[in-house]
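Data file: data.txt. Format and content: compact mmCIF, C-alpha atoms.
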# COMPACT_ATOMS: atom_id res chain seq x y z
CA MET A 1 40.37 10.28 142.71
CA ARG A 2 40.26 13.05 145.28
CA ARG A 3 36.89 11.84 146.51
CA ARG A 4 38.02 8.21 146.74
CA CYS A 5 41.10 9.06 148.82
CA ALA A 6 39.35 11.63 151.03
CA ARG A 7 36.43 9.33 151.80
CA ALA A 8 38.78 6.44 152.55
CA ILE A 9 40.69 8.61 155.02
CA SER A 10 37.43 9.83 156.56
CA ALA A 11 36.39 6.21 157.11
CA THR A 12 39.78 5.21 158.53
CA PRO A 13 39.37 4.03 162.16
CA SER A 14 41.69 5.89 164.50
CA ARG A 15 42.61 5.44 168.11
CA SER A 16 44.13 7.66 170.77
CA ALA A 17 46.39 6.77 173.66
CA ARG A 18 48.92 8.32 175.95
CA CYS A 19 52.51 7.29 175.59
CA GLY A 20 53.13 4.10 177.52
CA SER A 21 49.44 3.19 177.86
CA SER A 22 47.26 0.83 175.92
CA PRO A 23 45.61 2.38 172.84
CA ARG A 24 42.72 -0.05 173.23
CA ALA A 25 41.99 0.83 176.83
CA SER A 26 38.33 1.02 177.78
CA PRO A 27 36.67 4.47 177.77
CA ALA A 28 36.47 4.40 181.55
CA ARG A 29 40.26 4.11 181.80
CA ARG A 30 41.01 6.83 179.25
CA SER A 31 42.05 10.24 180.49
CA PRO A 32 39.79 13.26 179.81
CA ALA A 33 42.45 14.68 177.47
CA THR A 34 42.46 11.50 175.39
CA THR A 35 38.66 11.40 175.23
CA THR A 36 38.55 15.08 174.21
CA ARG A 37 41.04 14.53 171.41
CA CYS A 38 39.12 11.53 170.07
CA ALA A 39 35.88 13.53 170.04
CA LEU A 40 37.47 16.51 168.24
CA VAL A 41 39.11 14.46 165.51
CA ALA A 42 36.02 12.29 165.03
CA ALA A 43 33.86 15.34 164.23
CA PRO A 44 31.75 14.72 161.10
CA GLY A 45 33.52 15.70 157.89
CA LEU A 46 36.75 16.93 159.51
CA LEU A 47 39.14 14.27 158.24
CA GLU A 48 37.53 14.17 154.79
CA THR A 49 37.80 17.96 154.43
CA VAL A 50 41.42 18.10 155.59
CA ALA A 51 42.39 15.19 153.33
CA ALA A 52 40.69 16.79 150.30
CA GLN A 53 42.46 20.09 150.95
CA LEU A 54 45.85 18.39 151.22
CA LEU A 55 45.26 16.41 148.03
CA LEU A 56 44.02 19.36 145.97
CA HIS A 57 45.98 22.30 147.38
CA GLY A 58 48.82 20.69 149.31
CA ASN A 59 47.90 22.80 152.37
CA ALA A 60 45.40 22.46 155.19
CA PHE A 61 44.73 24.90 158.03
CA VAL A 62 42.64 23.89 161.04
CA GLN A 63 41.57 26.41 163.68
CA PRO A 64 40.73 25.12 167.17
CA LEU A 65 37.70 26.98 168.50
CA ARG A 66 37.86 27.32 172.28
CA ASP A 67 35.17 27.34 174.92
CA ALA A 68 34.83 29.72 177.86
CA ASP A 69 37.56 27.88 179.77
CA GLY A 70 40.07 28.15 176.90
CA ALA A 71 39.91 24.44 176.04
CA PRO A 72 39.35 23.37 172.42
CA ALA A 73 35.66 22.75 171.75
CA ALA A 74 35.75 22.19 167.99
CA LEU A 75 38.16 21.99 165.07
CA TYR A 76 37.24 24.17 162.09
CA PRO A 77 39.07 23.63 158.76
CA LEU A 78 39.90 26.87 156.95
CA ARG A 79 39.79 27.08 153.17
CA PRO A 80 43.44 27.07 152.04
CA GLU A 81 42.88 29.45 149.11
CA ARG A 82 41.81 32.10 151.64
CA VAL A 83 44.85 31.67 153.88
CA SER A 84 48.16 33.39 153.21
CA VAL A 85 51.37 33.15 155.21
CA GLU A 86 52.72 36.35 156.73
CA LEU A 87 56.46 36.05 157.19
CA GLY A 88 58.23 37.33 160.27
CA ALA A 89 61.58 39.07 160.54
CA ASP A 90 63.41 35.73 160.47
CA GLY A 91 61.76 34.70 157.18
CA TRP A 92 59.52 32.06 158.78
CA PRO A 93 55.74 32.24 159.27
CA GLY A 94 54.85 34.86 161.86
CA ALA A 95 51.09 34.89 161.31
CA PHE A 96 48.33 33.69 159.01
CA LEU A 97 45.92 36.00 157.18
CA TYR A 98 42.45 34.62 156.50
CA ARG A 99 40.65 36.68 153.85
CA VAL A 100 36.94 36.56 153.10
CA GLY A 101 36.10 39.19 150.52
CA ALA A 102 37.46 42.54 151.72
CA ARG A 103 37.80 41.36 155.32
CA ALA A 104 41.10 39.93 156.58
CA THR A 105 41.64 38.26 159.95
CA ARG A 106 45.13 37.90 161.38
CA LEU A 107 45.68 34.61 163.21
CA ALA A 108 48.67 33.84 165.42
CA PRO A 109 50.72 30.74 164.50
CA GLU A 110 49.69 28.99 167.71
CA ALA A 111 46.01 29.55 166.85
CA VAL A 112 46.18 27.47 163.68
CA ILE A 113 47.14 23.84 163.12
CA ARG A 114 48.99 23.85 159.81
CA LEU A 115 49.47 20.80 157.61
CA ARG A 116 51.25 20.84 154.27
CA ARG A 117 52.73 18.47 151.74
CA PHE A 118 56.23 18.67 150.36
CA HIS A 119 56.94 21.36 147.78
CA PRO A 120 60.40 21.30 146.18
CA LEU A 121 60.35 25.02 145.28
CA ASP A 122 58.48 26.64 148.19
CA ASP A 123 59.33 26.81 151.89
CA HIS A 124 55.90 27.92 153.08
CA TYR A 125 53.25 26.35 150.84
CA GLY A 126 52.73 22.73 149.91
CA LEU A 127 52.22 21.22 146.46
CA GLY A 128 48.90 19.50 145.81
CA CYS A 129 48.20 16.62 143.47
CA LEU A 130 46.02 18.83 141.28
CA GLY A 131 49.02 20.91 140.25
CA ALA A 132 50.97 17.82 139.23
CA ALA A 133 47.97 16.47 137.32
CA ALA A 134 47.09 19.75 135.57
CA PRO A 135 48.34 18.74 132.07
CA ALA A 136 46.49 15.41 132.23
CA VAL A 137 43.33 17.16 133.45
CA ALA A 138 43.52 19.58 130.51
CA ILE A 139 43.90 16.67 128.06
CA HIS A 140 40.98 14.81 129.65
CA ASN A 141 38.74 17.89 129.43
CA ALA A 142 39.76 18.55 125.83
CA ALA A 143 38.98 14.94 124.86
CA ALA A 144 35.57 15.23 126.53
CA ALA A 145 34.86 18.48 124.65
CA TRP A 146 35.96 16.84 121.38
CA SER A 147 33.65 13.86 121.86
CA LYS A 148 30.72 16.14 122.77
CA ALA A 149 31.29 18.27 119.68
CA LEU A 150 31.39 15.13 117.54
CA LEU A 151 28.13 13.87 119.05
CA ASP A 152 26.52 17.27 118.50
CA ASN A 153 27.35 16.78 114.83
CA ALA A 154 25.51 13.42 114.77
CA ALA A 155 28.81 11.57 115.31
CA ARG A 156 29.79 12.41 111.74
CA PRO A 157 32.72 14.50 110.56
CA SER A 158 32.09 17.84 108.96
CA GLY A 159 32.65 18.69 105.33
CA ALA A 160 33.36 21.58 102.98
CA LEU A 161 31.22 23.56 100.58
CA VAL A 162 33.08 23.92 97.31
CA TYR A 163 32.10 26.66 94.87
CA ASP A 164 33.07 25.58 91.40
CA ALA A 165 32.23 28.29 88.88
CA ARG A 166 33.00 27.47 85.28
CA ASP A 167 34.08 31.03 84.50
CA GLY A 168 36.51 31.15 87.45
CA ALA A 169 34.43 33.63 89.45
CA THR A 170 34.40 33.60 93.25
CA LEU A 171 31.77 34.43 95.84
CA SER A 172 31.42 38.03 96.81
CA PRO A 173 31.85 38.96 100.49
CA ASP A 174 28.08 39.40 100.89
CA GLN A 175 27.38 36.02 99.29
CA PHE A 176 29.97 34.32 101.45
CA ARG A 177 28.55 35.90 104.61
CA ARG A 178 24.96 34.97 103.71
CA LEU A 179 25.97 31.37 102.95
CA ARG A 180 27.84 31.03 106.23
CA ASP A 181 24.92 32.45 108.23
CA GLU A 182 22.46 30.10 106.52
CA MET A 183 24.70 27.10 107.26
CA ASP A 184 25.00 28.04 110.93
CA ALA A 185 21.29 28.67 111.35
CA GLY A 186 19.90 25.75 109.37
CA PHE A 187 22.38 22.92 109.53
CA ALA A 188 24.63 23.28 112.59
CA GLY A 189 23.96 21.49 115.89
CA ALA A 190 22.44 18.19 116.97
CA SER A 191 18.85 19.34 116.29
CA ASN A 192 19.67 19.75 112.58
CA ALA A 193 21.49 16.44 112.20
CA GLY A 194 20.53 14.62 108.99
CA ARG A 195 18.70 17.60 107.53
CA PRO A 196 18.95 17.67 103.72
CA LEU A 197 21.15 20.36 102.26
CA LEU A 198 19.78 22.42 99.35
CA LEU A 199 22.55 23.90 97.24
CA GLU A 200 22.47 26.52 94.56
CA GLY A 201 24.30 26.38 91.27
CA GLY A 202 28.04 25.96 91.48
CA LEU A 203 28.05 24.65 95.09
CA THR A 204 28.97 21.08 95.91
CA TRP A 205 29.31 19.34 99.30
CA GLN A 206 32.63 17.60 99.87
CA PRO A 207 32.49 15.31 102.95
CA LEU A 208 35.62 14.98 105.09
CA SER A 209 36.65 11.85 106.96
CA LEU A 210 38.41 11.41 110.29
CA THR A 211 41.60 9.44 110.62
CA PRO A 212 41.77 6.54 113.11
CA ALA A 213 43.99 8.70 115.31
CA ASP A 214 41.33 11.45 115.36
CA MET A 215 38.66 8.93 116.32
CA ASP A 216 40.69 7.59 119.26
CA PHE A 217 39.48 10.25 121.69
CA ALA A 218 38.27 7.49 124.04
CA GLY A 219 41.81 6.13 124.29
CA THR A 220 43.10 9.64 124.90
CA LYS A 221 40.64 10.15 127.75
CA ALA A 222 41.58 6.79 129.29
CA ALA A 223 45.30 7.58 129.13
CA ALA A 224 44.71 11.00 130.72
CA ALA A 225 42.55 9.43 133.44
CA ARG A 226 45.35 6.98 134.28
CA GLU A 227 47.83 9.85 134.60
CA ILE A 228 45.46 11.77 136.88
CA ALA A 229 45.00 8.67 139.05
CA LEU A 230 48.74 8.19 139.36
CA ALA A 231 49.17 11.83 140.40
CA PHE A 232 46.71 11.27 143.25
CA GLY A 233 48.29 7.96 144.23
CA VAL A 234 45.34 5.86 143.07
CA PRO A 235 46.07 2.66 141.10
CA PRO A 236 44.55 3.21 137.62
CA MET A 237 42.76 -0.16 137.60
CA LEU A 238 40.47 1.11 140.37
CA LEU A 239 38.94 3.55 137.88
CA GLY A 240 37.02 0.76 136.17
CA LEU A 241 38.39 1.43 132.70
CA PRO A 242 37.56 -1.32 130.18
CA GLY A 243 40.12 -4.11 130.11
CA ASP A 244 41.94 -3.04 133.29
CA SER A 245 40.14 -4.71 136.16
CA THR A 246 39.60 -8.28 137.22
CA HIS A 247 38.58 -9.47 140.66
CA ALA A 248 42.11 -10.53 141.62
CA ASN A 249 44.06 -7.46 140.54
CA TYR A 250 41.28 -5.15 141.81
CA ALA A 251 41.75 -6.52 145.33
CA GLU A 252 45.52 -6.09 145.08
CA ALA A 253 45.11 -2.54 143.77
CA ASN A 254 42.74 -1.67 146.61
CA ARG A 255 45.28 -2.97 149.12
CA ALA A 256 48.02 -0.94 147.41
CA LEU A 257 45.83 2.18 147.60
CA TRP A 258 45.54 1.78 151.36
CA ARG A 259 49.17 0.88 151.93
CA LEU A 260 50.79 3.52 149.67
CA THR A 261 48.34 6.43 149.75
CA VAL A 262 45.57 6.32 152.36
CA LEU A 263 47.54 5.16 155.40
CA PRO A 264 50.55 7.52 154.94
CA LEU A 265 48.27 10.50 154.39
CA ALA A 266 46.00 9.55 157.29
CA ASP A 267 49.04 9.11 159.55
CA ALA A 268 50.36 12.55 158.53
CA ILE A 269 46.98 14.17 159.25
CA LEU A 270 46.49 12.47 162.62
CA THR A 271 50.06 13.23 163.68
CA GLY A 272 49.69 16.89 162.73
CA LEU A 273 46.39 17.25 164.56
CA ALA A 274 47.81 15.51 167.64
CA ALA A 275 50.80 17.86 167.65
CA GLY A 276 48.52 20.89 167.35
CA LEU A 277 46.38 19.73 170.28
CA ALA A 278 49.34 18.74 172.48
CA ARG A 279 49.14 21.89 174.62
CA TRP A 280 45.66 20.90 175.79
CA CYS A 281 45.75 17.10 175.54
CA GLY A 282 49.26 16.34 176.70
CA ASP A 283 51.31 13.56 175.12
CA ALA A 284 48.41 11.52 173.71
CA ALA A 285 49.02 10.16 170.21
CA LEU A 286 46.63 9.50 167.36
CA ARG A 287 47.14 6.44 165.16
CA VAL A 288 45.23 4.44 162.59
CA ASP A 289 43.73 1.25 164.01
CA LEU A 290 44.97 -1.21 161.38
CA ASP A 291 42.98 -4.11 162.81
CA ARG A 292 39.74 -2.34 161.89
CA VAL A 293 40.62 -1.56 158.26
CA PRO A 294 38.73 -4.07 156.07
CA ALA A 295 41.15 -3.75 153.15
CA LEU A 296 44.02 -4.92 155.38
CA ALA A 297 42.21 -7.80 157.07
CA GLU A 298 44.22 -10.49 155.26
CA ASP A 299 47.55 -8.78 156.00
CA ARG A 300 46.70 -8.33 159.66
CA GLU A 301 45.51 -11.96 159.95
CA ARG A 302 48.80 -13.13 158.46
CA LEU A 303 50.73 -10.96 160.93
CA TRP A 304 48.78 -12.33 163.88
CA ARG A 305 49.47 -15.91 162.78
CA MET A 306 53.19 -15.13 162.46
CA ALA A 307 53.24 -13.61 165.95
CA ALA A 308 51.35 -16.56 167.43
CA ALA A 309 53.76 -19.05 165.83
CA ALA A 310 56.89 -17.21 167.00
CA ASP A 311 57.69 -19.28 170.10
CA PHE A 312 60.99 -17.51 170.65
CA LEU A 313 59.20 -14.18 171.38
CA SER A 314 57.88 -13.20 174.77
CA PRO A 315 54.22 -12.17 175.18
CA GLU A 316 55.28 -8.51 175.45
CA GLU A 317 57.27 -8.75 172.21
CA LYS A 318 54.33 -10.39 170.45
CA ARG A 319 52.03 -7.60 171.61
CA ALA A 320 54.47 -5.03 170.30
CA MET A 321 54.74 -6.91 167.00
CA VAL A 322 51.00 -6.63 166.36
CA ASP A 323 50.88 -3.08 167.78
CA TRP A 324 48.88 -4.17 170.79
CA ARG A 325 50.70 -2.23 173.47
This structure in structure tokens:
Amino acid sequence: MRRRCARAISATPSRSARCGSSPRASPARRSPATTTRCALVAAPGLLETVAAQLLLHGNAFVQPLRDADGAPAALYPLRPERVSVELGADGWPGAFLYRVGARATRLAPEAVIRLRRFHPLDDHYGLGCLGAAAPAVAIHNAAAAWSKALLDNAARPSGALVYDARDGATLSPDQFRRLRDEMDAGFAGASNAGRPLLLEGGLTWQPLSLTPADMDFAGTKAAAAREIALAFGVPPMLLGLPGDSTHANYAEANRALWRLTVLPLADAILTGLAAGLARWCGDAALRVDLDRVPALAEDRERLWRMAAAADFLSPEEKRAMVDWR
């Protein structure tokens, strides 16, 4: 889920424009500040890394690296688990500490572009999707471990060795230990599946069966996967689980993923990066170019037809309606 959302945001076409100018102006008409901002944000892997950090940790920290003239030359995403907030006297962030091993670097607030998601119980750190999905992730991992253990046992349930002595005697501790060691060494694991069991007098093998509920680990994994997908904002039918997807509802789910998850997160990232670069690039804004998103082609075509058919609107109002300003 994290990879699907992060890669979608990385592939999202963006555009930059100054307030009051056309976002689709030719490169020759763009200002140097606008061109610089486009080049910085379009750096390979930047948007995907920032999106993955926001989804997993709820926090993202980007450090602008400057050239000799003090202008930003590159944007470097910092690993959020290495960054801690140092509070000032007013209780708000006064600096950021970036720790790598035993070394700690103190960064001023203006030297870091900080992005975070909403956290209902913390004023300084965001809440990632992984924290909300932690119980479902634990269930999914436990179901996978259960199915692997069952396959290691030749997909058959275990059983019990019953010692039935006619005189009522029981196994001594040494006999019990020797029997357990022999069972582990000679009959446990996938390599020993189907091996005949040789029993001594008084020992019988009692097979145990699994209930239908115990055998439904596949359903448990599917239910946990759906909960994880919902925590990340991904429609569960996009996971390809059996019985969930058809061509029609897959297309609708893909459109819902873009509308409800990818576009809001991409807009938050681009807005935050634009605000952090405002001191160098002026009032230029970064936005998602909706006309170049393939998943929204039908919606945008419908909007353009509505704008073209609206005879009561002026050309300027039609351009604003389709975000062509």
Using all atoms listed in the file, find each residue of stretch 222-305 of chain A with at least one atom at most 8 Å away from an atom of stretch 112-122 of chain A; report its shortest atom-to-atom pair and that distance in Å (one decimal), sort the rows by chain and rising residue number, and return the result as JSON lines.
{"residue": "A:Ile269", "atom": "CA", "partner": "A:Leu115", "partner_atom": "CA", "distance": 7.3}
{"residue": "A:Gly272", "atom": "CA", "partner": "A:Leu115", "partner_atom": "CA", "distance": 6.4}
{"residue": "A:Leu273", "atom": "CA", "partner": "A:Ile113", "partner_atom": "CA", "distance": 6.8}
{"residue": "A:Gly276", "atom": "CA", "partner": "A:Ile113", "partner_atom": "CA", "distance": 5.3}
| Hey, can you check how far atom CA of A:Pro315 sits from atom CA of A:Val293? |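 Interatomic distance, atom CA of A:Pro315 to atom CA of A:Val293: 24.2 Å.
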| request: Take atom CA of A:Arg106 and atom CA of A:Leu286 and report the distance between them in Å, one decimal. | output: 29.1 Å
| said: Please compute the atom CA of A:Leu56-atom CA of A:Asp291 distance, one decimal, in Å. | reply: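 For atom CA of A:Leu56 relative to atom CA of A:Asp291, the distance reads 28.9 Å.
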| query | Leaving out A:Trp304 and any residue of its chain fewer than 4 positions from it, which residues lie within 7 Å of it when counting all atoms listed in the file, given as a list in words? | reply |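 Residues near the query, excluding close chain neighbours: Arg300, Ala308 and Val322 of chain A.
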| said: List as a PyMOL selection string the protein and nucleic acid residues near A:Leu270, meaning an atom at most 9 Å away when only C-alpha atoms are counted, but skip any in the same chain fewer than 4 places from it. | reply: chain A and resi 14+41+47+265-266+274-275+285-288
Which residues, written as a PDB file with C-alpha atoms, in the coordinates of the input, have at least one atom at most 12 Å from A:Ala142, with only C-alpha atoms counted and residues fewer than 6 positions away on the same chain left out?
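Result file follows (part_30.pdb):
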ATOM      1  CA  PRO A 135      48.340  18.740 132.070  1.00  0.00           C
ATOM      2  CA  ALA A 136      46.490  15.410 132.230  1.00  0.00           C
ATOM      3  CA  LYS A 148      30.720  16.140 122.770  1.00  0.00           C
ATOM      4  CA  ALA A 149      31.290  18.270 119.680  1.00  0.00           C
ATOM      5  CA  PHE A 217      39.480  10.250 121.690  1.00  0.00           C
ATOM      6  CA  ALA A 218      38.270   7.490 124.040  1.00  0.00           C
ATOM      7  CA  THR A 220      43.100   9.640 124.900  1.00  0.00           C
ATOM      8  CA  LYS A 221      40.640  10.150 127.750  1.00  0.00           C
ATOM      9  CA  ALA A 224      44.710  11.000 130.720  1.00  0.00           C
TER      10      ALA A 224
END
Please identify every residue of stretch 83-179 of chain A that has at least one atom no farther than 8 Å from an atom of stretch 228-243 of chain A, counting all atoms listed in the file, and for each give the shortest atom pair and the distance in Å to one decimal, arranged by chain then increasing number, as JSON lines.
{"residue": "A:Cys129", "atom": "CA", "partner": "A:Phe232", "partner_atom": "CA", "distance": 5.6}
{"residue": "A:Leu130", "atom": "CA", "partner": "A:Ala231", "partner_atom": "CA", "distance": 7.7}
{"residue": "A:Ala132", "atom": "CA", "partner": "A:Ala231", "partner_atom": "CA", "distance": 6.4}
{"residue": "A:Ala133", "atom": "CA", "partner": "A:Ile228", "partner_atom": "CA", "distance": 5.3}
{"residue": "A:Ala136", "atom": "CA", "partner": "A:Ile228", "partner_atom": "CA", "distance": 6.0}
{"residue": "A:Val137", "atom": "CA", "partner": "A:Ile228", "partner_atom": "CA", "distance": 6.7}
| query | Nearest to A:Gly128 among A:Leu55, A:Cys281, A:Leu257, A:Met306, with distances taken over all atoms listed in the file: which residue is it? | reply |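 Ranking A:Leu55, A:Cys281, A:Leu257, A:Met306 by distance to A:Gly128, first place goes to A:Leu55.
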| Of the listed residues A:Thr105, A:Gly94, A:Thr271, A:Ala145, that which approaches A:Asp283 most closely, counting all atoms listed in the file |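 Comparing A:Thr105, A:Gly94, A:Thr271, A:Ala145 against A:Asp283, the winner is A:Thr271.
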| message | When you look at A:Glu86 with a cut-off of 8 Å (counting all atoms listed in the file), what residues show up, excluding the ones that are within fewer than 3 positions of it in the same chain? I need them as a list in words. | response | Pro93, Gly94, Ala95, Phe96 and Leu97 of chain A
| request: Select, from A:Thr12, A:Gln175, A:Ser147, A:Asn59, the residue with the minimum atom-to-atom distance to A:Pro294, counting only C-alpha atoms. | output: A:Thr12
| request: Would you mind telling me which residue in A:Arg103, A:Ala253, A:Leu46, A:Val162 lies nearest to A:Thr204 when using all atoms listed in the file? | output: A:Val162
| field | Pick from A:Asp90, A:Asp311, A:Asp323, A:Asp181 nearest to A:Asp289, counting all atoms listed in the file | value |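 Using all atoms listed in the file, A:Asp289 sits closest to A:Asp323.
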| remark: Using all atoms listed in the file, the residue out of A:Leu54, A:Ala320, A:Ala68, A:Leu107 with shortest distance to A:Glu81 is A:Leu54
